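Colleague: Hey, dropping model.txt in here, compact mmCIF, C-alpha atoms:
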```
# COMPACT_ATOMS: atom_id res chain seq x y z
CA MET A 21 -59.41 -47.37 -20.74
CA ALA A 22 -63.14 -46.86 -20.73
CA ALA A 23 -64.28 -43.29 -21.02
CA ASN A 24 -67.48 -43.69 -19.01
CA PRO A 25 -67.26 -40.88 -16.45
CA ILE A 26 -69.37 -42.82 -13.97
CA GLU A 27 -67.31 -45.97 -14.02
CA GLN A 28 -64.74 -44.51 -11.63
CA PHE A 29 -67.36 -44.49 -8.88
CA GLU A 30 -68.18 -48.17 -9.16
CA ILE A 31 -67.81 -50.24 -6.04
CA LYS A 32 -66.02 -53.49 -6.77
CA ASN A 33 -66.03 -56.38 -4.37
CA LEU A 34 -62.44 -57.43 -3.83
CA ILE A 35 -63.05 -60.02 -1.10
CA PRO A 36 -66.67 -61.14 -0.58
CA LEU A 37 -67.43 -61.62 3.10
CA GLY A 38 -71.01 -62.92 2.90
CA ASN A 39 -74.43 -61.52 3.73
CA ILE A 40 -75.84 -59.75 6.76
CA GLY A 41 -79.61 -59.26 6.72
CA GLY A 42 -79.76 -59.51 2.94
CA GLN A 43 -77.01 -56.90 2.55
CA GLU A 44 -73.96 -58.06 0.71
CA ILE A 45 -70.83 -57.44 2.77
CA ALA A 46 -67.44 -57.42 1.13
CA PHE A 47 -64.02 -55.86 1.27
CA THR A 48 -64.44 -53.43 -1.60
CA ASN A 49 -62.19 -51.00 -3.42
CA SER A 50 -63.81 -48.29 -1.29
CA ALA A 51 -62.83 -50.19 1.86
CA LEU A 52 -59.32 -50.57 0.51
CA PHE A 53 -58.98 -46.81 0.13
CA MET A 54 -60.49 -46.16 3.58
CA VAL A 55 -57.93 -48.51 5.09
CA GLY A 56 -55.24 -46.91 2.94
CA ALA A 57 -56.22 -43.42 4.06
CA VAL A 58 -56.21 -44.37 7.74
CA ALA A 59 -52.87 -46.18 7.33
CA LEU A 60 -51.42 -43.18 5.51
CA ILE A 61 -52.62 -40.73 8.16
CA THR A 62 -51.50 -42.74 11.18
CA LEU A 63 -48.18 -43.88 9.72
CA GLY A 64 -47.50 -40.40 8.39
CA PHE A 65 -48.16 -38.70 11.69
CA THR A 66 -46.35 -41.36 13.69
CA ALA A 67 -43.27 -41.13 11.47
CA ALA A 68 -43.36 -37.33 11.38
CA THR A 69 -43.55 -36.98 15.15
CA ALA A 70 -41.25 -39.91 16.02
CA GLY A 71 -38.33 -37.55 16.66
CA ARG A 72 -40.31 -35.26 19.00
CA SER A 73 -37.74 -32.63 18.06
CA LEU A 74 -37.75 -29.28 19.74
CA VAL A 75 -36.81 -27.76 16.41
CA PRO A 76 -39.05 -29.60 13.94
CA GLY A 77 -37.90 -31.09 10.66
CA ARG A 78 -39.90 -30.79 7.47
CA ALA A 79 -42.34 -33.63 8.18
CA GLN A 80 -42.85 -32.68 11.82
CA ALA A 81 -43.40 -29.03 10.87
CA ALA A 82 -46.10 -30.14 8.41
CA ALA A 83 -47.75 -32.33 11.06
CA GLU A 84 -47.65 -29.47 13.55
CA MET A 85 -49.06 -27.09 10.95
CA LEU A 86 -52.05 -29.39 10.31
CA TYR A 87 -52.56 -29.77 14.06
CA GLU A 88 -52.41 -26.02 14.69
CA PHE A 89 -54.63 -25.30 11.70
CA VAL A 90 -57.44 -27.57 12.91
CA ALA A 91 -56.90 -26.58 16.55
CA ASN A 92 -57.23 -22.88 15.69
CA THR A 93 -60.34 -23.54 13.60
CA LEU A 94 -61.94 -25.45 16.46
CA ARG A 95 -60.88 -22.93 19.09
CA GLN A 96 -62.23 -19.99 17.11
CA SER A 97 -65.56 -21.65 16.30
CA ALA A 98 -66.33 -23.63 19.43
CA GLY A 99 -64.14 -21.92 22.02
CA GLU A 100 -61.60 -23.39 24.42
CA LYS A 101 -64.20 -25.85 25.73
CA GLY A 102 -64.52 -27.32 22.25
CA MET A 103 -60.95 -28.62 22.46
CA LYS A 104 -62.26 -31.81 24.10
CA PHE A 105 -63.62 -32.69 20.64
CA PHE A 106 -60.27 -32.07 19.03
CA PRO A 107 -59.32 -35.73 18.36
CA PHE A 108 -62.72 -36.23 16.71
CA VAL A 109 -62.53 -33.08 14.58
CA PHE A 110 -58.90 -33.74 13.65
CA SER A 111 -59.77 -37.31 12.66
CA LEU A 112 -62.65 -36.05 10.51
CA PHE A 113 -60.51 -33.41 8.82
CA MET A 114 -57.61 -35.75 8.13
CA PHE A 115 -59.89 -38.56 6.94
CA VAL A 116 -61.86 -36.37 4.53
CA LEU A 117 -58.74 -34.53 3.34
CA THR A 118 -56.78 -37.73 2.76
CA CYS A 119 -59.67 -39.46 0.98
CA ASN A 120 -60.21 -36.38 -1.22
CA MET A 121 -56.50 -36.14 -2.04
CA LEU A 122 -56.10 -39.86 -2.69
CA GLY A 123 -59.00 -39.54 -5.12
CA MET A 124 -56.99 -37.00 -7.11
CA ILE A 125 -54.44 -39.66 -8.06
CA PRO A 126 -55.46 -41.07 -11.48
CA GLY A 127 -57.02 -44.52 -11.22
CA PHE A 128 -57.63 -44.18 -7.48
CA PHE A 129 -61.05 -44.50 -5.92
CA THR A 130 -62.58 -41.48 -4.18
CA VAL A 131 -64.20 -42.62 -0.93
CA THR A 132 -65.91 -39.27 -0.36
CA SER A 133 -67.65 -39.37 -3.73
CA HIS A 134 -70.23 -41.73 -2.24
CA VAL A 135 -73.12 -40.05 -0.51
CA ILE A 136 -73.52 -42.86 2.02
CA VAL A 137 -69.99 -42.22 3.36
CA THR A 138 -70.40 -38.46 3.63
CA PHE A 139 -73.89 -38.88 5.07
CA ALA A 140 -72.60 -41.32 7.69
CA LEU A 141 -69.89 -38.82 8.68
CA ALA A 142 -72.45 -36.01 8.84
CA ILE A 143 -74.79 -38.15 10.98
CA LEU A 144 -71.82 -38.91 13.23
CA VAL A 145 -71.25 -35.16 13.68
CA ILE A 146 -74.91 -34.32 14.30
CA GLY A 147 -75.26 -37.39 16.53
CA THR A 148 -72.32 -36.20 18.61
CA VAL A 149 -73.90 -32.74 18.86
CA ILE A 150 -77.29 -34.11 19.95
CA VAL A 151 -75.95 -36.70 22.40
CA TYR A 152 -73.44 -34.35 23.97
CA GLY A 153 -75.98 -31.52 24.04
CA PHE A 154 -78.56 -33.58 25.93
CA VAL A 155 -76.03 -35.22 28.26
CA LYS A 156 -74.43 -31.90 29.13
CA HIS A 157 -77.43 -29.58 29.18
CA GLY A 158 -80.47 -31.88 29.43
CA THR A 159 -83.68 -30.29 28.20
CA HIS A 160 -81.91 -26.93 28.20
CA PHE A 161 -80.36 -28.12 24.94
CA LEU A 162 -83.82 -27.65 23.36
CA GLY A 163 -83.29 -23.91 23.89
CA LEU A 164 -81.34 -24.18 20.66
CA PHE A 165 -84.68 -24.21 18.85
CA VAL A 166 -86.20 -21.30 20.75
CA PRO A 167 -84.63 -18.02 19.73
CA SER A 168 -84.79 -15.36 22.42
CA GLY A 169 -86.35 -11.93 21.91
CA VAL A 170 -89.02 -13.14 19.50
CA PRO A 171 -92.70 -12.12 19.91
CA ALA A 172 -94.81 -14.95 21.34
CA TRP A 173 -97.09 -15.23 18.30
CA LEU A 174 -94.05 -15.67 16.06
CA LEU A 175 -92.41 -18.27 18.27
CA PRO A 176 -94.08 -21.43 16.85
CA PHE A 177 -92.98 -20.51 13.35
CA MET A 178 -89.47 -19.76 14.53
CA VAL A 179 -89.24 -23.09 16.34
CA VAL A 180 -90.36 -24.93 13.21
CA ILE A 181 -87.82 -23.02 11.09
CA GLU A 182 -85.03 -23.69 13.59
CA LEU A 183 -85.97 -27.36 13.71
CA ILE A 184 -85.93 -27.69 9.94
CA SER A 185 -82.61 -25.86 9.70
CA PHE A 186 -81.15 -28.16 12.34
CA LEU A 187 -82.41 -31.30 10.61
CA SER A 188 -81.19 -30.12 7.23
CA ARG A 189 -77.67 -29.74 8.57
CA PRO A 190 -76.57 -33.37 8.11
CA ILE A 191 -78.10 -33.37 4.65
CA SER A 192 -76.38 -30.17 3.50
CA LEU A 193 -73.15 -31.19 5.20
CA SER A 194 -73.03 -34.57 3.45
CA LEU A 195 -74.41 -33.47 0.09
CA ARG A 196 -71.96 -30.58 -0.19
CA LEU A 197 -68.92 -32.84 0.14
CA PHE A 198 -70.39 -35.67 -1.94
CA ALA A 199 -71.59 -33.44 -4.78
CA ASN A 200 -68.35 -31.51 -4.96
CA MET A 201 -66.21 -34.61 -5.19
CA LEU A 202 -68.56 -36.36 -7.61
CA ALA A 203 -69.03 -33.39 -9.93
CA GLY A 204 -65.32 -32.55 -9.96
CA HIS A 205 -64.31 -36.07 -10.91
CA VAL A 206 -67.05 -36.37 -13.50
CA ALA A 207 -66.03 -33.06 -15.07
CA LEU A 208 -62.38 -34.11 -15.14
CA LYS A 209 -63.27 -37.41 -16.77
CA VAL A 210 -65.53 -35.79 -19.35
CA PHE A 211 -62.86 -33.28 -20.37
CA ALA A 212 -60.29 -36.05 -20.50
CA GLY A 213 -62.72 -37.98 -22.72
CA PHE A 214 -62.99 -34.99 -25.05
CA ILE A 215 -59.20 -34.92 -25.38
CA VAL A 216 -59.17 -38.56 -26.45
CA ALA A 217 -62.11 -38.15 -28.83
CA LEU A 218 -60.81 -35.00 -30.50
CA GLY A 219 -57.30 -36.43 -30.49
CA GLY A 220 -58.67 -39.34 -32.51
CA LEU A 221 -60.14 -36.81 -34.91
CA ALA A 222 -56.71 -35.17 -35.25
CA ALA A 223 -55.19 -38.50 -36.25
CA SER A 224 -57.47 -38.69 -39.29
CA GLY A 225 -55.49 -35.89 -40.97
CA GLY A 226 -56.65 -33.31 -43.46
CA MET A 227 -58.95 -30.43 -42.60
CA THR A 228 -60.70 -32.35 -39.83
CA GLY A 229 -57.27 -33.24 -38.41
CA VAL A 230 -56.37 -29.57 -37.97
CA LEU A 231 -59.73 -28.97 -36.33
CA GLY A 232 -59.11 -31.99 -34.13
CA VAL A 233 -55.74 -30.69 -32.88
CA ALA A 234 -57.24 -27.32 -32.03
CA GLY A 235 -60.28 -29.03 -30.53
CA ALA A 236 -58.21 -31.39 -28.38
CA ALA A 237 -55.96 -28.62 -27.08
CA LEU A 238 -58.90 -26.79 -25.52
CA PRO A 239 -60.19 -29.64 -23.31
CA LEU A 240 -56.58 -30.48 -22.43
CA ALA A 241 -56.08 -26.96 -21.10
CA MET A 242 -59.42 -27.24 -19.32
CA ALA A 243 -58.43 -30.60 -17.80
CA VAL A 244 -55.13 -29.14 -16.53
CA ALA A 245 -56.91 -26.13 -15.03
CA LEU A 246 -59.64 -28.35 -13.57
CA THR A 247 -57.06 -30.64 -11.98
CA ALA A 248 -55.54 -27.70 -10.13
CA PHE A 249 -59.00 -26.51 -9.22
CA GLU A 250 -59.95 -29.97 -7.97
CA PHE A 251 -56.95 -30.03 -5.64
CA LEU A 252 -58.20 -26.75 -4.22
CA VAL A 253 -61.73 -28.17 -3.90
CA ALA A 254 -60.41 -31.34 -2.27
CA PHE A 255 -58.76 -29.26 0.45
CA LEU A 256 -61.51 -26.68 0.67
CA GLN A 257 -64.29 -29.23 1.11
CA ALA A 258 -62.36 -30.99 3.87
CA TYR A 259 -61.94 -27.58 5.54
CA VAL A 260 -65.61 -26.65 5.05
CA PHE A 261 -66.70 -29.98 6.49
CA THR A 262 -64.44 -29.38 9.48
CA ILE A 263 -65.42 -25.78 10.16
CA LEU A 264 -69.15 -26.61 9.92
CA THR A 265 -68.54 -29.47 12.35
CA CYS A 266 -66.89 -26.97 14.69
CA ILE A 267 -69.83 -24.57 14.39
CA TYR A 268 -72.33 -27.37 15.13
CA LEU A 269 -70.24 -28.46 18.10
CA HIS A 270 -70.47 -24.89 19.34
CA ASP A 271 -74.26 -25.39 19.56
CA ALA A 272 -73.76 -28.51 21.64
CA LEU A 273 -71.47 -26.61 24.01
CA HIS A 274 -73.50 -23.39 24.18
CA PRO A 275 -77.16 -24.00 23.34
CA GLY A 276 -79.45 -20.99 23.21
CA HIS A 277 -78.84 -17.95 21.07
CA MET B 13 -68.55 -35.96 -40.73
CA ALA B 14 -68.29 -39.70 -40.60
CA GLN B 15 -65.38 -39.86 -38.24
CA PRO B 16 -66.76 -37.74 -35.42
CA ILE B 17 -69.51 -40.29 -34.93
CA THR B 18 -67.04 -43.02 -34.00
CA ALA B 19 -65.17 -40.53 -31.82
CA HIS B 20 -68.33 -39.46 -30.02
CA ALA B 21 -69.19 -43.05 -29.32
CA GLU B 22 -66.39 -43.03 -26.74
CA VAL B 23 -67.97 -40.14 -24.86
CA PRO B 24 -71.26 -41.33 -23.49
CA GLY B 25 -73.76 -39.16 -21.65
CA ILE B 26 -72.81 -37.83 -18.25
CA GLU B 27 -75.94 -39.20 -16.59
CA GLY B 28 -75.92 -42.93 -16.11
CA GLU B 29 -79.28 -44.62 -15.66
CA GLY B 30 -80.50 -44.15 -12.07
CA ALA B 31 -80.10 -47.76 -11.01
CA ASN B 32 -76.58 -48.01 -12.38
CA PHE B 33 -75.38 -44.82 -10.77
CA PRO B 34 -72.91 -46.29 -8.23
CA PRO B 35 -73.27 -43.71 -5.42
CA PHE B 36 -77.01 -44.48 -5.24
CA ASP B 37 -76.58 -48.27 -5.42
CA VAL B 38 -78.13 -49.37 -2.14
CA ASN B 39 -76.49 -52.78 -2.34
CA THR B 40 -73.06 -51.31 -1.62
CA PHE B 41 -74.15 -49.26 1.41
CA GLY B 42 -73.71 -52.12 3.87
CA SER B 43 -70.07 -52.72 3.01
CA GLN B 44 -69.26 -49.02 2.86
CA LEU B 45 -70.85 -48.27 6.23
CA LEU B 46 -69.16 -51.28 7.84
CA TRP B 47 -65.72 -50.38 6.58
CA LEU B 48 -66.22 -46.69 7.28
CA ALA B 49 -67.15 -47.54 10.86
CA ILE B 50 -64.14 -49.81 11.28
CA THR B 51 -61.59 -47.51 9.66
CA PHE B 52 -62.89 -44.32 11.25
CA ALA B 53 -63.04 -45.96 14.68
CA VAL B 54 -59.44 -47.12 14.30
CA LEU B 55 -58.42 -43.66 13.09
CA TYR B 56 -60.21 -41.97 16.00
CA LEU B 57 -58.63 -44.32 18.53
CA LEU B 58 -55.12 -43.82 17.15
CA MET B 59 -55.69 -40.06 16.93
CA SER B 60 -56.98 -39.67 20.48
CA ARG B 61 -54.55 -42.13 22.10
CA VAL B 62 -51.32 -41.62 20.16
CA ILE B 63 -51.10 -38.85 17.61
CA VAL B 64 -52.89 -35.95 19.28
CA PRO B 65 -51.26 -36.45 22.71
CA ARG B 66 -47.88 -36.73 21.05
CA LEU B 67 -48.35 -33.60 18.92
CA SER B 68 -49.78 -31.57 21.78
CA GLY B 69 -46.92 -32.84 23.94
CA ILE B 70 -44.36 -31.65 21.43
CA LEU B 71 -46.01 -28.23 21.15
CA GLU B 72 -46.44 -27.93 24.92
CA ASP B 73 -42.79 -28.91 25.47
CA ARG B 74 -41.67 -26.26 23.05
CA ARG B 75 -43.93 -23.61 24.58
CA SER B 76 -42.74 -24.37 28.11
CA ARG B 77 -39.12 -24.57 26.98
CA ILE B 78 -39.33 -21.16 25.32
CA ALA B 79 -41.12 -19.69 28.31
CA GLY B 80 -38.54 -21.23 30.64
CA ASP B 81 -35.64 -19.91 28.59
CA LEU B 82 -37.16 -16.44 28.53
CA ARG B 83 -37.65 -16.57 32.29
CA ILE B 84 -34.04 -17.64 32.83
CA ALA B 85 -32.86 -14.87 30.52
CA ALA B 86 -34.92 -12.32 32.45
CA GLU B 87 -33.52 -13.62 35.74
CA SER B 88 -29.97 -13.44 34.40
CA LYS B 89 -30.55 -9.89 33.26
CA ALA B 90 -31.93 -8.92 36.66
CA ARG B 91 -28.92 -10.54 38.34
CA ALA B 92 -26.53 -8.73 36.03
CA GLU B 93 -28.23 -5.42 36.76
CA GLU B 94 -28.09 -6.17 40.47
CA ALA B 95 -24.40 -6.97 40.23
CA GLY B 96 -23.85 -3.75 38.29
CA GLU B 97 -25.62 -1.76 41.00
CA ALA B 98 -23.66 -3.50 43.74
CA TYR B 99 -20.44 -2.72 41.90
CA GLU B 100 -21.39 0.94 41.55
CA LYS B 101 -22.25 1.08 45.21
CA ALA B 102 -19.01 -0.60 46.26
CA LEU B 103 -17.08 1.74 44.04
CA ALA B 104 -18.77 4.80 45.52
CA GLU B 105 -18.18 3.49 49.04
CA ALA B 106 -14.52 2.79 48.35
CA ARG B 107 -14.10 6.23 46.88
CA GLY B 108 -15.73 7.76 49.91
CA ARG B 109 -13.53 5.74 52.25
CA ALA B 110 -10.40 6.66 50.32
CA GLN B 111 -11.31 10.33 50.54
CA ALA B 112 -11.99 10.08 54.24
CA LEU B 113 -8.71 8.24 54.79
CA ALA B 114 -6.78 10.83 52.79
CA GLN B 115 -8.43 13.65 54.72
CA GLU B 116 -7.66 11.96 58.03
CA THR B 117 -4.05 11.37 57.08
CA ARG B 118 -3.69 14.93 55.96
CA ASP B 119 -5.19 16.23 59.20
CA LYS B 120 -2.98 13.97 61.29
CA LEU B 121 0.14 15.00 59.46
CA ALA B 122 -0.82 18.66 59.78
CA ALA B 123 -1.43 18.24 63.51
CA GLU B 124 1.91 16.47 63.98
CA THR B 125 3.73 19.12 62.05
CA ALA B 126 2.08 21.85 64.05
CA GLU B 127 3.03 20.11 67.30
CA LYS B 128 6.62 19.65 66.23
CA ARG B 129 6.87 23.25 65.16
CA ALA B 130 5.41 24.41 68.44
CA ALA B 131 7.91 22.27 70.38
CA LEU B 132 10.76 23.53 68.26
CA GLU B 133 9.65 27.13 68.67
CA ALA B 134 9.35 26.69 72.42
CA GLU B 135 12.86 25.24 72.61
CA LEU B 136 14.22 27.99 70.46
CA ALA B 137 12.53 30.58 72.65
CA ARG B 138 14.00 28.95 75.74
CA ASN B 139 17.45 28.90 74.22
CA LEU B 140 17.03 32.52 73.24
CA ALA B 141 16.00 33.45 76.76
CA ASP B 142 18.97 31.51 78.21
CA ALA B 143 21.34 33.20 75.84
CA GLU B 144 19.90 36.60 76.68
CA ALA B 145 20.22 35.81 80.39
CA ARG B 146 23.82 34.75 79.87
CA ILE B 147 24.54 37.90 77.90
CA THR B 148 22.97 40.06 80.59
CA ALA B 149 24.96 38.26 83.28
CA GLY B 150 28.17 38.66 81.23
CA LYS B 151 27.40 42.31 80.69
CA GLU B 152 26.81 42.91 84.37
CA LYS B 153 29.99 41.06 85.23
CA ALA B 154 31.83 43.00 82.62
CA MET B 155 30.37 46.23 83.94
CA GLY B 156 31.49 45.22 87.43
CA ASN B 157 34.99 44.61 86.11
CA VAL B 158 34.86 47.96 84.28
CA GLU B 159 34.46 49.76 87.64
CA ALA B 160 37.48 47.94 89.09
CA ILE B 161 39.49 48.61 85.91
CA ALA B 162 38.39 52.25 85.92
CA SER B 163 39.37 52.60 89.60
CA ASP B 164 42.73 50.97 88.92
CA ALA B 165 43.24 53.14 85.84
CA ALA B 166 42.18 56.27 87.72
CA ALA B 167 44.52 55.45 90.65
CA ALA B 168 47.37 54.78 88.19
CA ILE B 169 46.66 58.11 86.35
CA VAL B 170 46.50 60.06 89.63
CA GLU B 171 49.72 58.36 90.80
CA ARG B 172 51.47 59.30 87.57
CA LEU B 173 50.19 62.90 87.79
CA THR B 174 50.69 63.47 91.46
CA GLY B 175 53.42 60.96 92.17
CA GLN B 176 51.60 59.56 95.09
CA ALA B 177 49.02 56.81 95.31
CA PRO B 178 45.54 58.03 96.09
CA ALA B 179 43.35 56.48 98.71
CA ARG B 180 41.63 53.48 97.36
CA ASP B 181 38.20 54.42 98.72
CA ALA B 182 38.38 57.99 97.37
CA VAL B 183 39.14 56.65 93.85
CA ALA B 184 36.33 54.14 94.04
CA THR B 185 33.86 56.78 95.18
CA ALA B 186 35.00 59.21 92.49
CA VAL B 187 34.70 56.52 89.76
CA GLY B 188 31.34 55.47 91.09
CA LYS B 189 30.24 59.10 91.01
CA ALA B 190 31.52 59.51 87.45
CA MET B 191 29.94 56.30 86.19
CA ALA B 192 26.62 57.13 87.78
CA GLN B 193 26.37 60.21 85.54
```
Can the structure from this file be put into structure tokens for me?
Modeller:
Amino acid sequence: MAANPIEQFEIKNLIPLGNIGGQEIAFTNSALFMVGAVALITLGFTAATAGRSLVPGRAQAAAEMLYEFVANTLRQSAGEKGMKFFPFVFSLFMFVLTCNMLGMIPGFFTVTSHVIVTFALAILVIGTVIVYGFVKHGTHFLGLFVPSGVPAWLLPFMVVIELISFLSRPISLSLRLFANMLAGHVALKVFAGFIVALGGLAASGGMTGVLGVAGAALPLAMAVALTAFEFLVAFLQAYVFTILTCIYLHDALHPGH
Amino acid sequence: MAQPITAHAEVPGIEGEGANFPPFDVNTFGSQLLWLAITFAVLYLLMSRVIVPRLSGILEDRRSRIAGDLRIAAESKARAEEAGEAYEKALAEARGRAQALAQETRDKLAAETAEKRAALEAELARNLADAEARITAGKEKAMGNVEAIASDAAAAIVERLTGQAPARDAVATAVGKAMAQ
């Protein structure tokens, strides 16, 4: 097993599909895990809710809990009107959460550790906000960039600031998820590498061997702690992505401050 | 420190060279975007058409079932209370009727008794009056006989004393005179 911490992020072409406009198109390991995540989500939910029991079993209770969790988040951030976006928000949450969690399994690829994926999801969110905002409110949607109760001479600056903050949203939204997943996996891999390296030192015996055992135990403890932490991050980042989506959708529903 | 060098060789630097850093490899973007679009579209479709309606249906069913059950329970309780009130009312009515009936019966019996007693008393009074009348008549008759007996006795006494029978009228007058005193 190679100890290069970056190797886990490599995209491997499993089935080459040819070229489109000079871009190589293939069924990659990333695509495999996207398909796997979607299959897992849909099959899981379908199986869990197949009984439609009045008194839910374990699986159905979990499915209902996830539903209620995202529904409450959306309702609190975007209001009752925001519930029309629920399938979209729930899909986003489940997709990001499942991809993050699948990535925690050793040897599995983490779809969300690629900035292009998170950026595409963020653009999808902001695109939805912009399109819905203009369709629903027309030019009134631009009121989002004009804060009320600001002196006239300050207004141009405020508009520029609001515009920049709006445009930076997809960037911060995508980078936050990408960087968290990337850094977490790199850190895990590096600590795991230390265990192997210092474990090798321990095998040499003698004074350096004792040092090696002590030295390997430390990164092992760190790796265990980091693994638990990464599970938390995997969930938390999916939640953060979702709640920010809800807040941005709120702007599309209620432009103007 | 010869060994650590070989060990460290297995732990390369964290930063890969920019071009080799997979997340920034532009050549893979096409495939990733394509498959993301396909998989996310499929996920969204299945979510919006199947999973979300089914889950919301389950939750809505439960909510309405609980609300319905609570409503039925409230209705049953109201009915039970109503029945309880009706029972109390019927009981009070029956009690009232029973009292009235008892009072009526008592009054009727009292009236009948009074009537009977009055009739009996009247009959007794009549009988008493008859008896008194009979006694008076008997007494008068007896008194009438007494005068005849007294006259006869007086005539017999005078005859014994004088040896001759007195005149009947004189004896009767004398007796009448004596009895009148």
Colleague: Mind dumping a table of every chain B residue within 6 Å of chain A, with the nearest atom pair and its distance in Å to one decimal, using only C-alpha atoms, sorted by chain and rising number, as a tab-separated table?
Modeller:
```
residue	atom	partner	partner_atom	distance
B:Ala19	CA	A:Ala217	CA	4.9
B:Pro34	CA	A:Glu30	CA	5.2
B:Pro35	CA	A:His134	CA	4.8
B:Gly42	CA	A:Gln43	CA	6.0
B:Ser43	CA	A:Ile45	CA	4.8
B:Trp47	CA	A:Ala51	CA	5.5
B:Thr51	CA	A:Val55	CA	5.9
B:Leu55	CA	A:Val58	CA	5.8
B:Tyr56	CA	A:Ser111	CA	5.8
B:Met59	CA	A:Pro107	CA	5.8
B:Ser60	CA	A:Pro107	CA	5.0
B:Ile70	CA	A:Arg72	CA	5.9
B:Arg74	CA	A:Leu74	CA	6.0
```
Colleague: Please compute the atom CA of A:Leu197-atom CA of B:Asn39 distance, one decimal, in Å.
Modeller: 21.5 Å
Colleague: What does the distance between atom CA of A:Pro126 and atom CA of A:Ser192 come to in Å, to one decimal place?
Modeller: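 Computed distance, atom CA of A:Pro126 to atom CA of A:Ser192, equals 27.9 Å.
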Colleague: Between A:Ala199, A:Ala91, A:Met178, A:Leu187, which residue has the minimum interatomic distance to A:Gly147, considering all atoms listed in the file?
Modeller: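 Looking only at the distances to A:Gly147, the closest residue turns out to be A:Leu187.
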Colleague: When you draw a straight line from atom CA of A:Met124 to atom CA of A:Pro239, how long is it in Å?
Modeller: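 Separation between atom CA of A:Met124 and atom CA of A:Pro239: 18.1 Å.
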